[in-house]
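Structure first, commentary second.
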Amino acid sequence: ERPLIKDLLAERSLDIDSVRNAIQSHPLYDPSRYDDIWILRYVLSHKKDSHAATRAAIATMEFRETYQLNDLDQRAMVTHLDGDRDPNMPVYDKLNACSGKYAALTTLPDKHRGLIMYFFLAKLDMDKLDEIATQEDLKNSHIQANESFYQILDEITRKTGRLTKLLKVVDMDGMTLGKMNRSHLSKDAAAAKEIDDYFPQLLGAMLVANPPRWIGLIWKFCRLLMPKRIVEKVDFLPSNKEKVQKR
């Protein structure tokens with residue numbers, strides 16, 4: 001579902017006005033950058049709480065200033081993990097050192113629709129990554145990935161007039177319970193939570209493909225750590241061998 005931006009702006013105009021009025025006195029506010037479409041994402045993410053939307057919008061302006069994100073064109077820097085170092089994206093060095101060939105791929109099959117990221121979880125060495133990567137390392141990789149996703153999806157949203165989001169597919173084919181590292185999962189979830197408010201309405205859905213029989217065990221652990229907005233968008237695709245229901 002990709003609702004029309006003009007309809008969303010009309011439906012949430014009062015909330016958008018409220019947030020705009022609250023943030024326009026902030027020294028980092030730039031109406032050409034932080035316009036109504038930008039504000040809309042915060043209004044939608046915080047539903048009927050315009051005060052929470054305002055706090056998140058202000059925090060995001062400060063976050064973007066801290067990391068100098070407004071000055072970077074990240075549209076060509078989408079996530080690809082294949083085990084090789086990329087001189088253009090050193091933030092992924094540790095992830096690539098723990099990844100097999102084509103572990104993560106990001107594609108735009110239709111320039112008028114959303115991005116798709118496909119991640120083969122079994123190709124990631126979680127034990128090694130847990131040893132070499134800190135929570136800060138993981139946070140920086142999330143910032144890099146989310147910013148590149150955001151810039152591409154924001155451009156498509158404005159060109160097509162429809163709110164466009166990311167589809168993430170996590171393929172668990174070949175994954176074993178022994179390869180899951182709870183320490184890494186905890187750090188990664190904490191890193192994602194740190195920046196959760198700064199990229200609203202980015203993720204459309206996260207689909208888990210080829211879930212193993214033991215998925216319920218690890219999901220009960222992961223859902224307690226992950227940002228609530230992400231948990232709400234996770235769904236499990238039944239494998240060919242058996243049907244796995246969302247827990």
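Following the order of the structure tokens, chains are lettered A, B, ..., residues in each are numbered from 1, and ligands are numbered from 1.
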
(request) Using only C-alpha atoms, determine which residues lie at most 9 Å from segment 37-39 of chain A, disregarding the query and same-chain residues fewer than 2 positions distant; provide the list as a ChimeraX atom specification. (result) /A:5,9,16,19-20,33-35,41-44,53-54,57,154,158

Would you save the residues of that selection, restricted to N, CA and C atoms, as a tab-separated table (two decimals), in the first residue's frame?
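Listed below is the output, again_11.tsv:
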chain	number	residue	atom	x	y	z
A	5	ILE	N	0.52	11.13	-1.16
A	5	ILE	CA	1.03	12.15	-0.23
A	5	ILE	C	0.01	13.28	-0.06
A	9	LEU	N	-1.30	14.54	3.54
A	9	LEU	CA	-1.09	15.93	3.97
A	9	LEU	C	-2.41	16.59	4.35
A	16	ILE	N	0.38	18.47	11.32
A	16	ILE	CA	1.56	19.00	10.63
A	16	ILE	C	1.77	20.47	10.98
A	19	VAL	N	3.26	20.71	14.52
A	19	VAL	CA	4.68	20.39	14.59
A	19	VAL	C	5.51	21.49	13.94
A	20	ARG	N	5.07	21.97	12.78
A	20	ARG	CA	5.81	23.04	12.10
A	20	ARG	C	5.92	24.28	12.97
A	33	ARG	N	14.25	22.37	3.68
A	33	ARG	CA	14.69	21.00	3.96
A	33	ARG	C	13.66	20.25	4.79
A	34	TYR	N	13.17	20.91	5.84
A	34	TYR	CA	12.23	20.27	6.75
A	34	TYR	C	10.81	20.76	6.43
A	35	ASP	N	10.34	20.33	5.28
A	35	ASP	CA	9.04	20.79	4.80
A	35	ASP	C	7.91	19.89	5.31
A	41	ARG	N	6.18	12.43	8.03
A	41	ARG	CA	6.71	11.14	8.48
A	41	ARG	C	6.67	11.03	10.01
A	42	TYR	N	6.94	12.12	10.70
A	42	TYR	CA	6.93	12.11	12.16
A	42	TYR	C	5.50	12.06	12.70
A	43	VAL	N	4.63	12.77	12.04
A	43	VAL	CA	3.22	12.76	12.43
A	43	VAL	C	2.63	11.35	12.28
A	44	LEU	N	2.95	10.67	11.18
A	44	LEU	CA	2.44	9.33	10.96
A	44	LEU	C	3.03	8.33	11.95
A	53	ALA	N	5.79	13.79	18.18
A	53	ALA	CA	6.28	14.03	16.82
A	53	ALA	C	7.21	15.23	16.79
A	54	THR	N	6.86	16.27	17.55
A	54	THR	CA	7.69	17.47	17.62
A	54	THR	C	9.04	17.16	18.25
A	57	ALA	N	11.12	15.23	15.78
A	57	ALA	CA	11.58	16.07	14.66
A	57	ALA	C	12.77	16.94	15.09
A	154	ASP	N	12.91	9.01	-0.23
A	154	ASP	CA	12.33	10.36	-0.19
A	154	ASP	C	12.23	10.93	-1.61
A	158	ARG	N	8.66	11.89	-3.49
A	158	ARG	CA	8.36	13.23	-4.04
A	158	ARG	C	8.09	13.17	-5.54

(message) List the spatial neighbours of segment 150-152 of chain A as a PyMOL selection string - criterion: any atom at most 12 Å away, only C-alpha atoms, same-chain residues fewer than 2 positions off excluded.
(response) chain A and resi 38+41+69-78+106-108+111-116+142-148+154-159+163-166+198-203

Keeping only N, CA and C atoms, write those residues as a CSV table (one decimal), in the first residue's frame.
chain,number,residue,atom,x,y,z
A,38,TRP,N,8.4,16.1,5.0
A,38,TRP,CA,9.3,15.6,6.0
A,38,TRP,C,8.6,15.5,7.4
A,41,ARG,N,6.2,12.4,8.0
A,41,ARG,CA,6.7,11.1,8.5
A,41,ARG,C,6.7,11.0,10.0
A,69,LEU,N,24.6,14.9,8.0
A,69,LEU,CA,24.0,14.1,7.0
A,69,LEU,C,23.4,14.9,5.9
A,70,ASN,N,23.0,16.2,6.2
A,70,ASN,CA,22.4,17.0,5.2
A,70,ASN,C,23.4,17.4,4.1
A,71,ASP,N,24.7,17.3,4.3
A,71,ASP,CA,25.7,17.6,3.3
A,71,ASP,C,26.1,16.5,2.4
A,72,LEU,N,25.6,15.3,2.7
A,72,LEU,CA,26.0,14.1,2.0
A,72,LEU,C,25.0,13.6,1.0
A,73,ASP,N,25.4,13.2,-0.2
A,73,ASP,CA,24.6,12.5,-1.1
A,73,ASP,C,24.9,11.0,-1.0
A,74,GLN,N,24.0,10.2,-0.3
A,74,GLN,CA,24.3,8.8,0.0
A,74,GLN,C,23.5,7.9,-0.9
A,75,ARG,N,22.9,8.4,-2.0
A,75,ARG,CA,22.0,7.6,-2.8
A,75,ARG,C,22.7,6.4,-3.5
A,76,ALA,N,24.0,6.6,-3.7
A,76,ALA,CA,24.7,5.5,-4.4
A,76,ALA,C,25.4,4.6,-3.4
A,77,MET,N,25.1,4.8,-2.1
A,77,MET,CA,25.9,4.1,-1.1
A,77,MET,C,25.0,3.1,-0.3
A,78,VAL,N,24.1,2.4,-1.0
A,78,VAL,CA,23.2,1.4,-0.4
A,78,VAL,C,24.0,0.2,0.0
A,106,THR,N,21.0,-4.9,-2.0
A,106,THR,CA,19.9,-3.9,-2.1
A,106,THR,C,19.6,-3.6,-3.5
A,107,THR,N,18.4,-3.6,-3.9
A,107,THR,CA,18.0,-3.4,-5.3
A,107,THR,C,16.8,-2.5,-5.4
A,108,LEU,N,16.7,-1.9,-6.6
A,108,LEU,CA,15.5,-1.0,-6.9
A,108,LEU,C,15.0,-1.5,-8.2
A,111,LYS,N,12.1,1.9,-10.6
A,111,LYS,CA,12.5,3.2,-10.1
A,111,LYS,C,11.3,4.0,-9.6
A,112,HIS,N,10.1,3.6,-9.8
A,112,HIS,CA,8.9,4.3,-9.3
A,112,HIS,C,8.4,3.7,-8.0
A,113,ARG,N,9.0,2.6,-7.5
A,113,ARG,CA,8.6,1.9,-6.3
A,113,ARG,C,9.7,1.9,-5.3
A,114,GLY,N,9.5,1.0,-4.3
A,114,GLY,CA,10.4,1.0,-3.2
A,114,GLY,C,11.7,0.1,-3.3
A,115,LEU,N,12.6,0.3,-2.4
A,115,LEU,CA,13.8,-0.5,-2.4
A,115,LEU,C,13.5,-1.8,-1.8
A,116,ILE,N,14.3,-2.8,-2.2
A,116,ILE,CA,14.2,-4.2,-1.6
A,116,ILE,C,15.6,-4.5,-1.1
A,142,HIS,N,24.2,1.3,10.7
A,142,HIS,CA,22.8,1.5,10.6
A,142,HIS,C,22.5,2.9,10.1
A,143,ILE,N,23.3,3.9,10.6
A,143,ILE,CA,23.1,5.3,10.1
A,143,ILE,C,23.4,5.3,8.6
A,144,GLN,N,24.5,4.7,8.2
A,144,GLN,CA,24.9,4.7,6.8
A,144,GLN,C,23.8,4.1,5.9
A,145,ALA,N,23.3,2.9,6.3
A,145,ALA,CA,22.3,2.2,5.6
A,145,ALA,C,21.0,3.0,5.5
A,146,ASN,N,20.5,3.4,6.7
A,146,ASN,CA,19.3,4.1,6.7
A,146,ASN,C,19.3,5.5,6.0
A,147,GLU,N,20.4,6.2,6.0
A,147,GLU,CA,20.4,7.5,5.3
A,147,GLU,C,20.4,7.3,3.8
A,148,SER,N,21.1,6.2,3.3
A,148,SER,CA,21.0,6.0,1.9
A,148,SER,C,19.6,5.5,1.5
A,154,ASP,N,12.9,9.0,-0.2
A,154,ASP,CA,12.3,10.4,-0.2
A,154,ASP,C,12.2,10.9,-1.6
A,155,GLU,N,13.2,10.7,-2.4
A,155,GLU,CA,13.2,11.2,-3.8
A,155,GLU,C,12.1,10.5,-4.6
A,156,ILE,N,11.9,9.2,-4.4
A,156,ILE,CA,10.8,8.5,-5.1
A,156,ILE,C,9.5,9.0,-4.6
A,157,THR,N,9.4,9.2,-3.3
A,157,THR,CA,8.1,9.7,-2.7
A,157,THR,C,7.7,11.0,-3.4
A,158,ARG,N,8.7,11.9,-3.5
A,158,ARG,CA,8.4,13.2,-4.0
A,158,ARG,C,8.1,13.2,-5.5
A,159,LYS,N,8.7,12.3,-6.3
A,159,LYS,CA,8.5,12.2,-7.7
A,159,LYS,C,7.2,11.5,-8.0
A,163,LEU,N,3.8,7.7,-0.7
A,163,LEU,CA,4.7,7.4,0.4
A,163,LEU,C,5.4,6.1,0.1
A,164,THR,N,6.7,6.1,-0.1
A,164,THR,CA,7.4,4.9,-0.5
A,164,THR,C,8.4,4.4,0.6
A,165,LYS,N,8.4,3.1,0.8
A,165,LYS,CA,9.2,2.6,1.9
A,165,LYS,C,10.1,1.4,1.5
A,166,LEU,N,10.8,0.9,2.4
A,166,LEU,CA,11.8,-0.2,2.2
A,166,LEU,C,11.1,-1.5,2.5
A,198,TYR,N,14.9,8.7,14.3
A,198,TYR,CA,15.5,9.6,13.3
A,198,TYR,C,15.2,9.2,11.8
A,199,PHE,N,14.6,8.1,11.6
A,199,PHE,CA,14.2,7.6,10.3
A,199,PHE,C,12.8,7.1,10.2
A,200,PRO,N,11.8,7.9,10.5
A,200,PRO,CA,10.4,7.4,10.6
A,200,PRO,C,9.9,7.1,9.2
A,201,GLN,N,9.0,6.1,9.2
A,201,GLN,CA,8.3,5.7,8.0
A,201,GLN,C,9.3,5.2,6.9
A,202,LEU,N,10.4,4.6,7.4
A,202,LEU,CA,11.4,4.1,6.4
A,202,LEU,C,11.1,2.7,6.0
A,203,LEU,N,10.8,1.9,7.0
A,203,LEU,CA,10.6,0.4,6.8
A,203,LEU,C,9.1,0.1,6.5

(request) Do a neighbour search on His51 of chain A at 9 Å with only C-alpha atoms, toss out local chain neighbours closer than 5 positions, and write the hits as a list of chain:residue names. (result)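 Selected residues are A:Ser18, A:Val19, A:Ala22, A:His46, A:Ala56.
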
(request) Pick out the closest residue to Phe221 of chain A from this set: A:Met117, A:Met180, A:Leu95, A:Ala59. Count only C-alpha atoms. (result)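 Answer, going by the shortest atom-to-atom distance: A:Met180.
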
(request) Using atom CA of Asp49 of chain A and atom CA of Asp17 of chain A as the two end points, give the distance in Å to one decimal. (result)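 Separation of atom CA of Asp49 of chain A and atom CA of Asp17 of chain A: 13.0 Å.
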
(message) Which residue is closest to Tyr67 of chain A? Choose from A:Arg182, A:Leu121, A:Ile195, A:Met126 and count only C-alpha atoms.
(response)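 Smallest distance to Tyr67 of chain A is found for A:Ile195.
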
(request) Considering only C-alpha atoms, return as a VMD selection string whatever protein or nucleic-acid residues lie within 9 Å of Ala192 of chain A, sequence-local ones (same chain, fewer than 4 positions apart) excluded. (result) chain A and resid 138 to 139 142 to 143 187 to 188 196 226 to 227

(request) List the neighbours of Arg223 of chain A out to 12 Å using only C-alpha atoms; skip same-chain residues closer than 3 positions along the sequence, and give me the result as a VMD selection string. (result) chain A and resid 185 to 186 189 to 190 215 to 220 226 to 235 246 to 247

(message) I'd like the interatomic distance between atom CA of Leu105 of chain A and atom CA of Gly83 of chain A, to a tenth of an Å.
(response) 12.0 Å

(message) So, with only C-alpha atoms as the atoms that count, which of A:Met89, A:Leu129, A:Ala10, A:Ala52 lies closest to Asn181 of chain A?
(response) A:Leu129

(message) Using Å and a single decimal, report how far atom CA of Asp86 of chain A sits from atom CA of Met175 of chain A.
(response)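 Spanning atom CA of Met175 of chain A to atom CA of Asp86 of chain A is a straight-line distance of 25.9 Å.
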
(request) If you run DSSP over the backbone, which residues in segment 94-229 of chain A end up helix (DSSP H, G or I)? Put them as a PyMOL selection string. (result) chain A and resi 94-97+121-123+126-132+135-160+177-179+182-194+196-198+215-225+228-229

Mind writing the picked residues with C-alpha atoms as an mmCIF file, in the first residue's frame?
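Generated file (selection_4.cif):
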data_model
loop_
_atom_site.group_PDB
_atom_site.id
_atom_site.type_symbol
_atom_site.label_atom_id
_atom_site.label_comp_id
_atom_site.auth_asym_id
_atom_site.auth_seq_id
_atom_site.Cartn_x
_atom_site.Cartn_y
_atom_site.Cartn_z
ATOM 1 C CA LYS A 94 33.844 -5.098 9.985
ATOM 2 C CA LEU A 95 30.532 -6.347 8.618
ATOM 3 C CA ASN A 96 32.164 -7.379 5.347
ATOM 4 C CA ALA A 97 34.936 -9.155 7.249
ATOM 5 C CA LEU A 121 21.504 -14.513 7.471
ATOM 6 C CA ALA A 122 23.492 -17.769 7.275
ATOM 7 C CA LYS A 123 26.245 -15.898 5.401
ATOM 8 C CA MET A 126 27.716 -13.530 14.145
ATOM 9 C CA ASP A 127 30.316 -14.917 16.558
ATOM 10 C CA LYS A 128 33.155 -13.179 14.740
ATOM 11 C CA LEU A 129 31.162 -9.970 14.346
ATOM 12 C CA ASP A 130 30.356 -9.958 18.047
ATOM 13 C CA GLU A 131 34.092 -10.140 18.778
ATOM 14 C CA ILE A 132 35.227 -7.310 16.514
ATOM 15 C CA GLN A 135 27.548 -1.244 19.472
ATOM 16 C CA GLU A 136 28.911 2.051 18.143
ATOM 17 C CA ASP A 137 30.224 0.282 15.022
ATOM 18 C CA LEU A 138 26.811 -1.245 14.438
ATOM 19 C CA LYS A 139 25.066 2.065 15.022
ATOM 20 C CA ASN A 140 27.276 3.775 12.446
ATOM 21 C CA SER A 141 26.509 1.064 9.896
ATOM 22 C CA HIS A 142 22.784 1.492 10.575
ATOM 23 C CA ILE A 143 23.104 5.252 10.101
ATOM 24 C CA GLN A 144 24.900 4.743 6.772
ATOM 25 C CA ALA A 145 22.320 2.240 5.561
ATOM 26 C CA ASN A 146 19.251 4.138 6.737
ATOM 27 C CA GLU A 147 20.434 7.451 5.347
ATOM 28 C CA SER A 148 21.047 5.979 1.906
ATOM 29 C CA PHE A 149 17.648 4.269 2.018
ATOM 30 C CA TYR A 150 15.981 7.462 3.200
ATOM 31 C CA GLN A 151 17.468 9.660 0.478
ATOM 32 C CA ILE A 152 16.404 7.265 -2.282
ATOM 33 C CA LEU A 153 12.914 6.670 -0.886
ATOM 34 C CA ASP A 154 12.331 10.356 -0.191
ATOM 35 C CA GLU A 155 13.221 11.172 -3.795
ATOM 36 C CA ILE A 156 10.827 8.485 -5.104
ATOM 37 C CA THR A 157 8.105 9.677 -2.716
ATOM 38 C CA ARG A 158 8.363 13.227 -4.038
ATOM 39 C CA LYS A 159 8.541 12.192 -7.697
ATOM 40 C CA THR A 160 5.630 9.745 -7.583
ATOM 41 C CA LEU A 177 20.430 -22.128 16.105
ATOM 42 C CA GLY A 178 24.125 -22.559 16.907
ATOM 43 C CA LYS A 179 25.006 -19.728 14.504
ATOM 44 C CA ARG A 182 22.629 -13.439 21.439
ATOM 45 C CA SER A 183 25.313 -10.952 22.403
ATOM 46 C CA HIS A 184 25.500 -9.653 18.837
ATOM 47 C CA LEU A 185 21.722 -9.593 18.501
ATOM 48 C CA SER A 186 21.488 -7.541 21.693
ATOM 49 C CA LYS A 187 24.081 -5.013 20.509
ATOM 50 C CA ASP A 188 22.504 -4.744 17.086
ATOM 51 C CA ALA A 189 19.011 -4.193 18.524
ATOM 52 C CA ALA A 190 20.336 -1.574 20.952
ATOM 53 C CA ALA A 191 22.087 0.222 18.086
ATOM 54 C CA ALA A 192 18.886 0.214 16.046
ATOM 55 C CA LYS A 193 16.942 1.614 19.004
ATOM 56 C CA GLU A 194 19.381 4.504 19.370
ATOM 57 C CA ASP A 196 14.880 4.598 15.672
ATOM 58 C CA ASP A 197 13.271 8.049 15.948
ATOM 59 C CA TYR A 198 15.492 9.598 13.280
ATOM 60 C CA ILE A 215 12.356 -19.522 15.004
ATOM 61 C CA GLY A 216 9.857 -19.080 17.831
ATOM 62 C CA LEU A 217 12.623 -19.464 20.424
ATOM 63 C CA ILE A 218 14.841 -16.734 19.000
ATOM 64 C CA TRP A 219 11.928 -14.464 18.062
ATOM 65 C CA LYS A 220 10.692 -14.333 21.664
ATOM 66 C CA PHE A 221 14.163 -13.082 22.603
ATOM 67 C CA CYS A 222 14.602 -10.652 19.697
ATOM 68 C CA ARG A 223 11.195 -8.981 19.887
ATOM 69 C CA LEU A 224 11.940 -7.832 23.438
ATOM 70 C CA LEU A 225 15.077 -6.020 22.229
ATOM 71 C CA LYS A 228 8.593 -1.561 18.679
ATOM 72 C CA ARG A 229 8.028 -0.028 15.236
#

(request) From the DSSP assignment of the backbone, select every residue of segment 58-227 of chain A that is strand (DSSP E), and format the answer as a VMD selection string. (result) chain A and resid 104 to 107 116 to 120 166 to 171 203 to 209

Contacts of Asp30 of chain A within 10 Å, only C-alpha atoms, excl. fewer than 6 positions in-chain, as a PDB file with N, CA and C atoms, in the first residue's frame:
ATOM      1  N   ILE A  23       8.570  23.714  15.705  1.00  0.00           N
ATOM      2  CA  ILE A  23       9.991  23.546  15.372  1.00  0.00           C
ATOM      3  C   ILE A  23      10.585  24.730  14.616  1.00  0.00           C
ATOM      4  N   GLN A  24       9.747  25.629  14.103  1.00  0.00           N
ATOM      5  CA  GLN A  24      10.287  26.673  13.226  1.00  0.00           C
ATOM      6  C   GLN A  24      11.151  27.708  13.946  1.00  0.00           C
ATOM      7  N   MET A  61      16.670  16.818  13.686  1.00  0.00           N
ATOM      8  CA  MET A  61      17.440  17.949  13.153  1.00  0.00           C
ATOM      9  C   MET A  61      18.804  18.028  13.823  1.00  0.00           C
TER      10      MET A  61
END
